[in-house]
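**Student:** So here's my_file.txt, just compact mmCIF, C-alpha atoms:
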```txt
# COMPACT_ATOMS: atom_id res chain seq x y z
CA MET A 1 0.00 0.00 0.00
CA LYS A 2 1.19 3.49 -0.86
CA LEU A 3 0.95 6.30 1.69
CA LEU A 4 1.57 10.04 1.46
CA LEU A 5 3.32 11.87 4.30
CA ILE A 6 3.25 15.69 4.25
CA GLU A 7 5.55 16.87 7.05
CA ASP A 8 8.17 19.62 6.92
CA ASP A 9 10.17 18.53 9.99
CA GLU A 10 12.79 16.25 8.46
CA LYS A 11 13.52 14.50 11.75
CA ILE A 12 9.85 13.63 12.30
CA SER A 13 9.18 12.71 8.67
CA GLY A 14 12.26 10.47 8.56
CA PHE A 15 11.22 8.74 11.76
CA ILE A 16 7.66 8.14 10.50
CA ALA A 17 8.70 7.08 7.02
CA ARG A 18 11.23 4.55 8.28
CA GLY A 19 8.71 3.05 10.66
CA LEU A 20 6.00 2.77 8.02
CA GLU A 21 8.40 1.28 5.49
CA GLN A 22 9.52 -1.30 8.06
CA ALA A 23 5.82 -2.13 8.53
CA GLY A 24 5.58 -2.89 4.81
CA TYR A 25 4.21 0.35 3.35
CA LEU A 26 5.50 2.46 0.47
CA VAL A 27 5.79 6.09 1.56
CA ASP A 28 6.12 9.31 -0.44
CA VAL A 29 7.42 12.15 1.76
CA VAL A 30 7.04 15.84 0.95
CA GLY A 31 7.70 18.86 3.16
CA ASP A 32 5.67 21.54 1.35
CA GLY A 33 1.89 21.85 1.53
CA ALA A 34 1.35 22.95 -2.07
CA GLU A 35 3.56 20.16 -3.41
CA GLY A 36 1.80 17.66 -1.18
CA LEU A 37 -1.59 18.75 -2.54
CA VAL A 38 -0.43 18.19 -6.10
CA LEU A 39 0.76 14.68 -5.27
CA ALA A 40 -2.47 13.87 -3.43
CA GLN A 41 -4.48 14.87 -6.50
CA GLU A 42 -2.29 13.14 -9.07
CA VAL A 43 -1.20 9.90 -7.36
CA GLU A 44 -3.48 7.16 -6.04
CA TYR A 45 -2.66 6.77 -2.34
CA GLN A 46 -4.40 4.56 0.20
CA LEU A 47 -3.89 7.03 3.07
CA ALA A 48 -2.37 10.46 3.77
CA ILE A 49 -0.72 11.81 6.92
CA VAL A 50 -0.73 15.61 6.99
CA ASP A 51 0.97 17.99 9.40
CA VAL A 52 -0.93 21.19 10.21
CA MET A 53 1.97 23.68 10.18
CA LEU A 54 3.44 23.50 6.68
CA PRO A 55 5.28 25.97 4.43
CA GLY A 56 3.59 27.03 1.23
CA LEU A 57 0.11 25.86 2.18
CA ASP A 58 -0.97 24.89 5.69
CA GLY A 59 -2.24 21.39 6.39
CA ILE A 60 -5.86 22.39 6.99
CA SER A 61 -5.98 24.12 3.60
CA VAL A 62 -4.37 21.09 1.97
CA ILE A 63 -7.07 18.80 3.37
CA GLU A 64 -9.90 21.17 2.46
CA GLN A 65 -8.68 21.35 -1.14
CA MET A 66 -8.19 17.60 -1.30
CA ARG A 67 -11.80 17.03 -0.25
CA ALA A 68 -13.08 19.79 -2.52
CA SER A 69 -11.41 18.09 -5.49
CA GLY A 70 -13.15 14.80 -4.66
CA CYS A 71 -10.19 13.04 -3.05
CA SER A 72 -11.66 10.56 -0.54
CA VAL A 73 -8.44 8.96 0.73
CA PRO A 74 -8.38 8.54 4.56
CA ILE A 75 -6.41 11.35 6.22
CA ILE A 76 -4.66 11.56 9.59
CA ILE A 77 -3.76 15.02 10.89
CA LEU A 78 -0.55 15.55 12.87
CA SER A 79 -0.53 18.64 15.07
CA ALA A 80 1.10 20.18 18.12
CA LYS A 81 -2.25 21.81 18.92
CA ARG A 82 -3.91 19.75 21.63
CA SER A 83 -7.14 21.58 22.49
CA VAL A 84 -10.54 20.03 21.83
CA ALA A 85 -11.42 23.01 19.61
CA ASP A 86 -8.35 22.39 17.44
CA ARG A 87 -9.16 18.69 17.12
CA ILE A 88 -12.74 19.42 16.16
CA ARG A 89 -11.65 21.99 13.58
CA GLY A 90 -9.27 19.45 12.11
CA LEU A 91 -11.97 16.80 11.86
CA GLU A 92 -14.42 19.29 10.37
CA THR A 93 -12.11 19.77 7.39
CA GLY A 94 -12.81 16.19 6.36
CA SER A 95 -9.90 14.41 8.02
CA ASP A 96 -10.53 11.01 9.58
CA ASP A 97 -8.21 11.16 12.58
CA TYR A 98 -6.21 13.67 14.62
CA LEU A 99 -3.00 12.80 16.43
CA THR A 100 -1.23 15.32 18.67
CA LYS A 101 2.54 15.72 18.95
CA PRO A 102 4.50 14.24 20.58
CA PHE A 103 3.14 10.77 19.82
CA SER A 104 4.40 7.22 19.85
CA PHE A 105 4.95 5.57 16.50
CA SER A 106 3.07 2.49 17.68
CA GLU A 107 -0.06 4.60 18.17
CA LEU A 108 0.30 6.21 14.75
CA LEU A 109 0.77 2.79 13.15
CA ALA A 110 -2.30 1.42 14.94
CA ARG A 111 -4.40 4.29 13.63
CA VAL A 112 -3.03 3.90 10.11
CA GLN A 113 -3.87 0.20 10.15
CA ALA A 114 -7.35 0.82 11.56
CA LEU A 115 -8.20 3.36 8.84
CA LEU A 116 -6.81 1.18 6.07
CA ARG A 117 -8.69 -1.83 7.40
CA ARG A 118 -11.97 0.05 7.48
CA SER A 119 -11.38 1.62 4.08
CA SER A 120 -10.58 -1.68 2.36
CA SER A 121 -13.24 -3.81 4.02
CA ALA A 122 -16.21 -1.45 4.26
CA GLY A 123 -19.32 -3.37 3.39
CA SER A 124 -17.68 -6.80 3.37
CA GLU A 125 -17.55 -7.52 7.11
CA SER A 126 -21.31 -7.55 7.57
CA GLY A 127 -22.22 -9.36 4.38
CA LEU A 128 -24.72 -7.09 2.64
CA GLN A 129 -23.23 -4.95 -0.11
CA ALA A 130 -26.41 -2.99 -0.88
CA LEU A 131 -28.17 -1.10 1.90
CA SER A 132 -31.21 1.15 1.67
CA LEU A 133 -33.91 3.08 3.47
CA SER A 134 -36.79 4.64 1.59
CA ASP A 135 -35.23 6.40 -1.45
CA LEU A 136 -31.69 6.33 0.04
CA GLU A 137 -29.42 3.64 -1.41
CA MET A 138 -25.83 2.68 -0.54
CA ASP A 139 -23.54 0.41 -2.55
CA CYS A 140 -20.83 -0.68 -0.10
CA TYR A 141 -18.73 -2.30 -2.82
CA ARG A 142 -18.63 0.71 -5.16
CA LYS A 143 -18.68 3.17 -2.23
CA THR A 144 -21.62 5.12 -3.67
CA VAL A 145 -24.67 6.73 -2.08
CA VAL A 146 -27.75 7.85 -4.00
CA ARG A 147 -30.97 9.44 -2.81
CA CYS A 148 -33.95 9.90 -5.07
CA GLY A 149 -31.66 9.44 -8.08
CA THR A 150 -29.16 12.06 -6.88
CA LYS A 151 -25.60 10.92 -6.19
CA ILE A 152 -24.32 12.08 -2.81
CA HIS A 153 -20.59 12.53 -2.26
CA LEU A 154 -19.55 11.45 1.25
CA GLN A 155 -16.17 11.68 2.89
CA PRO A 156 -14.83 8.37 4.28
CA ARG A 157 -15.92 8.98 7.87
CA GLU A 158 -19.38 10.11 6.74
CA PHE A 159 -19.71 6.97 4.62
CA GLN A 160 -18.72 4.78 7.59
CA LEU A 161 -21.28 6.46 9.84
CA LEU A 162 -24.07 6.12 7.29
CA GLU A 163 -23.22 2.47 6.72
CA TYR A 164 -23.27 1.84 10.48
CA LEU A 165 -26.66 3.52 10.81
CA LEU A 166 -28.07 1.63 7.81
CA ARG A 167 -26.95 -1.66 9.34
CA HIS A 168 -28.81 -0.68 12.53
CA LEU A 169 -32.01 0.70 11.02
CA GLU A 170 -34.57 2.01 13.51
CA ARG A 171 -32.17 1.30 16.36
CA VAL A 172 -31.00 4.26 18.42
CA VAL A 173 -27.20 4.26 18.63
CA SER A 174 -25.35 6.28 21.25
CA LYS A 175 -22.37 8.58 20.80
CA THR A 176 -20.19 6.03 22.55
CA MET A 177 -21.29 3.29 20.12
CA ILE A 178 -20.48 5.54 17.17
CA LEU A 179 -17.09 6.46 18.59
CA ASP A 180 -16.29 2.79 19.07
CA GLN A 181 -17.54 1.62 15.68
CA VAL A 182 -16.64 4.55 13.43
CA TRP A 183 -13.44 5.82 15.03
CA ASP A 184 -12.25 2.36 16.13
CA TYR A 185 -10.37 3.62 19.21
CA SER A 186 -11.06 5.39 22.48
CA PHE A 187 -12.08 9.03 22.14
CA ASP A 188 -13.35 11.38 24.82
CA PRO A 189 -17.16 10.94 24.69
CA GLN A 190 -17.60 14.43 26.11
CA THR A 191 -16.33 16.06 22.92
CA ASN A 192 -18.78 16.88 20.14
CA VAL A 193 -16.96 15.23 17.26
CA VAL A 194 -19.90 12.86 16.80
CA ASP A 195 -22.38 15.75 16.70
CA VAL A 196 -20.24 17.47 14.07
CA LEU A 197 -20.07 14.33 11.93
CA VAL A 198 -23.82 13.67 12.25
CA CYS A 199 -24.54 17.29 11.30
CA ARG A 200 -22.39 16.97 8.17
CA LEU A 201 -24.06 13.71 7.19
CA ARG A 202 -27.57 15.03 7.83
CA ALA A 203 -26.89 18.05 5.62
CA LYS A 204 -25.94 15.76 2.76
CA ILE A 205 -28.60 13.04 2.96
CA ASP A 206 -31.60 15.06 4.24
CA LYS A 207 -31.25 18.67 3.12
CA GLY A 208 -33.42 19.33 0.09
CA PHE A 209 -35.39 16.10 0.42
CA GLY A 210 -38.97 15.95 1.66
CA VAL A 211 -38.64 13.11 4.16
CA LYS A 212 -36.05 13.37 6.92
CA LEU A 213 -34.23 10.13 7.69
CA LEU A 214 -31.56 10.97 10.28
CA HIS A 215 -33.03 11.84 13.67
CA THR A 216 -31.54 12.95 16.99
CA ILE A 217 -32.97 11.40 20.14
CA ARG A 218 -31.97 13.93 22.77
CA GLY A 219 -29.91 12.51 25.60
CA VAL A 220 -29.79 9.08 23.93
CA GLY A 221 -28.26 9.14 20.46
CA TYR A 222 -29.20 8.97 16.78
CA VAL A 223 -31.40 6.81 14.60
CA LEU A 224 -31.98 6.32 10.88
CA ARG A 225 -35.67 5.74 10.14
CA VAL A 226 -38.74 7.02 8.31
CA ASP A 227 -41.16 8.62 10.77
```
Here is the file; what I need is its structure written in the form of structure tokens.
**Tutor:**
Amino acid sequence: MKLLLIEDDEKISGFIARGLEQAGYLVDVVGDGAEGLVLAQEVEYQLAIVDVMLPGLDGISVIEQMRASGCSVPIIILSAKRSVADRIRGLETGSDDYLTKPFSFSELLARVQALLRRSSSAGSESGLQALSLSDLEMDCYRKTVVRCGTKIHLQPREFQLLEYLLRHLERVVSKTMILDQVWDYSFDPQTNVVDVLVCRLRAKIDKGFGVKLLHTIRGVGYVLRVD
């Protein structure tokens, strides 16, 4: 598998690249944000690791432009900023994970493997490849979502959340369940990263359509159903 690492600190990038290569991955390393964006748009990578503070073009802008251009590769943000607000802002750009510096390589590797595993096996673990509710249809094999004949572009984390909800139709799922199933590692349940993700997904699958499918059950969680 081929990964992209955008990190301007040569010591950190060398450390990460060596570790990933020893784990069996091919790694392209670039230290400039603008150059990294070009590579991300021209080369087919399975995952990208992006530092926030970059010369040329900052990491947040790189990720925003990657998503705007239709690039759906899983992305892990690296940042020295540790506040909840910074993590939420990073995730709102369309990244799939946020790792604060300093970090252990073993944790980074675990997160890389978790994202790659979910990306490559989405839809195959639970059997059904085609999921639907009312006029909303998901093809887990082709990674497509359509509602009322309109194709809906979802970022990887949004796709994973929708798939999870479709596989648990009419069942209320809690924030903790979503964190466990969609993020695949422990995350502070007091943060609102789940609310942010649900809000993004709701805007894409419900806005402009007559029947609302994604509902919030206050104090409990979320449910996908036709009321």
**Student:** Please provide as an MDAnalysis selection string all residues within 6 Å of region 49-63 of chain A, with the sequence filter that same-chain residues fewer than 6 positions apart are discarded (counting all atoms listed in the file).
**Tutor:** chainID A and resid 5:7 32:34 37 75:79
**Student:** So what do you get for CA of Tyr164 (chain A) versus CA of Val112 (chain A), distance-wise?
**Tutor:**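 Pair CA of Tyr164 (chain A) / CA of Val112 (chain A) returns 20.3 Å.
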**Student:** In Å, how far is it from CA of Asp96 (chain A) to CA of Val73 (chain A)?
**Tutor:**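 Taking CA of Asp96 (chain A) as the start and CA of Val73 (chain A) as the end point, the length is 9.3 Å.
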**Student:** State, in Å with one decimal place, the distance from CA of Ser106 (chain A) to CA of Gly90 (chain A).
**Tutor:**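 Pair CA of Ser106 (chain A) / CA of Gly90 (chain A) returns 21.7 Å.
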**Student:** So that I can check the surroundings of Gly219 (chain A), please list as a list in words every protein, DNA and RNA residue that reaches within 10 Å of it, counting only C-alpha atoms and ignoring chain neighbours fewer than 3 positions away.
**Tutor:**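 Skipping anything fewer than 3 positions along the chain leaves Ser174, Lys175, Thr216 and Tyr222 of chain A.
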**Student:** Name the closest residue to Ala68 (chain A) among the candidates A:Leu154, A:Leu166, A:Ala203, A:Leu179; distances are taken between atoms, counting only C-alpha atoms.
**Tutor:**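 Smallest distance to Ala68 (chain A) is found for A:Leu154.
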**Student:** Please list as a tab-separated table (two decimals) with C-alpha atoms, keeping the file's coordinate frame every residue within 7 Å of region 204-214 of chain A, counting all atoms listed in the file and excluding residues in the same chain fewer than 4 positions away.
**Tutor:**
```tsv
chain	number	residue	atom	x	y	z
A	152	ILE	CA	-24.32	12.08	-2.81
A	200	ARG	CA	-22.39	16.97	8.17
A	223	VAL	CA	-31.40	6.81	14.60
A	224	LEU	CA	-31.98	6.32	10.88
A	225	ARG	CA	-35.67	5.74	10.14
A	226	VAL	CA	-38.74	7.02	8.31
```
**Student:** Start from the incomplete input, build all heavy atoms for region 214-225 of chain A, and deliver everything as a PDB file, in the coordinates of the input.
**Tutor:**
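Output saved as result_12.pdb:
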```pdb
ATOM      1  N   LEU A 214     -32.491  11.014   9.150  1.00  0.00           N
ATOM      2  CA  LEU A 214     -31.560  10.970  10.280  1.00  0.00           C
ATOM      3  C   LEU A 214     -32.088  11.825  11.426  1.00  0.00           C
ATOM      4  O   LEU A 214     -32.218  13.043  11.296  1.00  0.00           O
ATOM      5  CB  LEU A 214     -30.180  11.460   9.834  1.00  0.00           C
ATOM      6  CG  LEU A 214     -29.048  11.439  10.872  1.00  0.00           C
ATOM      7  CD1 LEU A 214     -28.949  10.090  11.562  1.00  0.00           C
ATOM      8  CD2 LEU A 214     -27.718  11.785  10.203  1.00  0.00           C
ATOM      9  N   HIS A 215     -32.393  11.166  12.547  1.00  0.00           N
ATOM     10  CA  HIS A 215     -33.030  11.840  13.670  1.00  0.00           C
ATOM     11  C   HIS A 215     -32.147  11.803  14.915  1.00  0.00           C
ATOM     12  O   HIS A 215     -31.423  10.825  15.154  1.00  0.00           O
ATOM     13  CB  HIS A 215     -34.372  11.183  13.986  1.00  0.00           C
ATOM     14  CG  HIS A 215     -35.290  11.096  12.811  1.00  0.00           C
ATOM     15  ND1 HIS A 215     -36.140  12.119  12.440  1.00  0.00           N
ATOM     16  CD2 HIS A 215     -35.478  10.098  11.904  1.00  0.00           C
ATOM     17  CE1 HIS A 215     -36.812  11.764  11.362  1.00  0.00           C
ATOM     18  NE2 HIS A 215     -36.433  10.545  11.009  1.00  0.00           N
ATOM     19  N   THR A 216     -32.235  12.872  15.705  1.00  0.00           N
ATOM     20  CA  THR A 216     -31.540  12.950  16.990  1.00  0.00           C
ATOM     21  C   THR A 216     -32.523  12.654  18.112  1.00  0.00           C
ATOM     22  O   THR A 216     -33.604  13.246  18.170  1.00  0.00           O
ATOM     23  CB  THR A 216     -30.954  14.364  17.215  1.00  0.00           C
ATOM     24  OG1 THR A 216     -30.008  14.657  16.174  1.00  0.00           O
ATOM     25  CG2 THR A 216     -30.248  14.440  18.572  1.00  0.00           C
ATOM     26  N   ILE A 217     -32.173  11.709  18.963  1.00  0.00           N
ATOM     27  CA  ILE A 217     -32.970  11.400  20.140  1.00  0.00           C
ATOM     28  C   ILE A 217     -32.230  12.023  21.324  1.00  0.00           C
ATOM     29  O   ILE A 217     -31.198  11.492  21.762  1.00  0.00           O
ATOM     30  CB  ILE A 217     -33.137   9.888  20.349  1.00  0.00           C
ATOM     31  CG1 ILE A 217     -33.614   9.218  19.057  1.00  0.00           C
ATOM     32  CG2 ILE A 217     -34.095   9.613  21.501  1.00  0.00           C
ATOM     33  CD1 ILE A 217     -34.930   9.746  18.531  1.00  0.00           C
ATOM     34  N   ARG A 218     -32.703  13.156  21.772  1.00  0.00           N
ATOM     35  CA  ARG A 218     -31.970  13.930  22.770  1.00  0.00           C
ATOM     36  C   ARG A 218     -31.644  13.120  24.015  1.00  0.00           C
ATOM     37  O   ARG A 218     -32.507  12.455  24.580  1.00  0.00           O
ATOM     38  CB  ARG A 218     -32.761  15.190  23.146  1.00  0.00           C
ATOM     39  CG  ARG A 218     -32.913  16.162  21.989  1.00  0.00           C
ATOM     40  CD  ARG A 218     -33.444  17.512  22.449  1.00  0.00           C
ATOM     41  NE  ARG A 218     -33.590  18.434  21.326  1.00  0.00           N
ATOM     42  CZ  ARG A 218     -32.601  19.110  20.787  1.00  0.00           C
ATOM     43  NH1 ARG A 218     -31.369  18.980  21.262  1.00  0.00           N
ATOM     44  NH2 ARG A 218     -32.814  19.924  19.766  1.00  0.00           N
ATOM     45  N   GLY A 219     -30.374  13.208  24.405  1.00  0.00           N
ATOM     46  CA  GLY A 219     -29.910  12.510  25.600  1.00  0.00           C
ATOM     47  C   GLY A 219     -29.657  11.030  25.396  1.00  0.00           C
ATOM     48  O   GLY A 219     -29.220  10.344  26.310  1.00  0.00           O
ATOM     49  N   VAL A 220     -29.951  10.519  24.190  1.00  0.00           N
ATOM     50  CA  VAL A 220     -29.790   9.080  23.930  1.00  0.00           C
ATOM     51  C   VAL A 220     -28.828   8.820  22.779  1.00  0.00           C
ATOM     52  O   VAL A 220     -27.841   8.113  22.917  1.00  0.00           O
ATOM     53  CB  VAL A 220     -31.157   8.419  23.633  1.00  0.00           C
ATOM     54  CG1 VAL A 220     -30.968   6.903  23.439  1.00  0.00           C
ATOM     55  CG2 VAL A 220     -32.138   8.689  24.757  1.00  0.00           C
ATOM     56  N   GLY A 221     -29.129   9.389  21.607  1.00  0.00           N
ATOM     57  CA  GLY A 221     -28.260   9.140  20.460  1.00  0.00           C
ATOM     58  C   GLY A 221     -28.937   9.499  19.153  1.00  0.00           C
ATOM     59  O   GLY A 221     -29.699  10.465  19.077  1.00  0.00           O
ATOM     60  N   TYR A 222     -28.713   8.683  18.127  1.00  0.00           N
ATOM     61  CA  TYR A 222     -29.200   8.970  16.780  1.00  0.00           C
ATOM     62  C   TYR A 222     -29.816   7.719  16.167  1.00  0.00           C
ATOM     63  O   TYR A 222     -29.452   6.591  16.522  1.00  0.00           O
ATOM     64  CB  TYR A 222     -28.053   9.466  15.889  1.00  0.00           C
ATOM     65  CG  TYR A 222     -27.289  10.625  16.487  1.00  0.00           C
ATOM     66  CD1 TYR A 222     -26.145  10.408  17.251  1.00  0.00           C
ATOM     67  CD2 TYR A 222     -27.731  11.928  16.320  1.00  0.00           C
ATOM     68  CE1 TYR A 222     -25.463  11.466  17.822  1.00  0.00           C
ATOM     69  CE2 TYR A 222     -27.046  12.998  16.891  1.00  0.00           C
ATOM     70  CZ  TYR A 222     -25.918  12.754  17.646  1.00  0.00           C
ATOM     71  OH  TYR A 222     -25.242  13.798  18.210  1.00  0.00           O
ATOM     72  N   VAL A 223     -30.740   7.945  15.239  1.00  0.00           N
ATOM     73  CA  VAL A 223     -31.400   6.810  14.600  1.00  0.00           C
ATOM     74  C   VAL A 223     -31.731   7.160  13.152  1.00  0.00           C
ATOM     75  O   VAL A 223     -32.057   8.303  12.825  1.00  0.00           O
ATOM     76  CB  VAL A 223     -32.692   6.426  15.363  1.00  0.00           C
ATOM     77  CG1 VAL A 223     -33.676   7.595  15.382  1.00  0.00           C
ATOM     78  CG2 VAL A 223     -33.330   5.177  14.754  1.00  0.00           C
ATOM     79  N   LEU A 224     -31.626   6.173  12.286  1.00  0.00           N
ATOM     80  CA  LEU A 224     -31.980   6.320  10.880  1.00  0.00           C
ATOM     81  C   LEU A 224     -33.307   5.592  10.676  1.00  0.00           C
ATOM     82  O   LEU A 224     -33.390   4.370  10.846  1.00  0.00           O
ATOM     83  CB  LEU A 224     -30.885   5.710   9.997  1.00  0.00           C
ATOM     84  CG  LEU A 224     -30.797   6.213   8.551  1.00  0.00           C
ATOM     85  CD1 LEU A 224     -30.447   7.693   8.505  1.00  0.00           C
ATOM     86  CD2 LEU A 224     -29.754   5.412   7.782  1.00  0.00           C
ATOM     87  N   ARG A 225     -34.343   6.353  10.316  1.00  0.00           N
ATOM     88  CA  ARG A 225     -35.670   5.740  10.140  1.00  0.00           C
ATOM     89  C   ARG A 225     -36.581   6.716   9.409  1.00  0.00           C
ATOM     90  O   ARG A 225     -36.279   7.909   9.310  1.00  0.00           O
ATOM     91  CB  ARG A 225     -36.288   5.361  11.476  1.00  0.00           C
ATOM     92  CG  ARG A 225     -36.695   6.547  12.348  1.00  0.00           C
ATOM     93  CD  ARG A 225     -37.129   6.129  13.725  1.00  0.00           C
ATOM     94  NE  ARG A 225     -37.534   7.275  14.537  1.00  0.00           N
ATOM     95  CZ  ARG A 225     -37.582   7.273  15.849  1.00  0.00           C
ATOM     96  NH1 ARG A 225     -37.237   6.186  16.535  1.00  0.00           N
ATOM     97  NH2 ARG A 225     -37.979   8.349  16.506  1.00  0.00           N
TER      98      ARG A 225
END
```
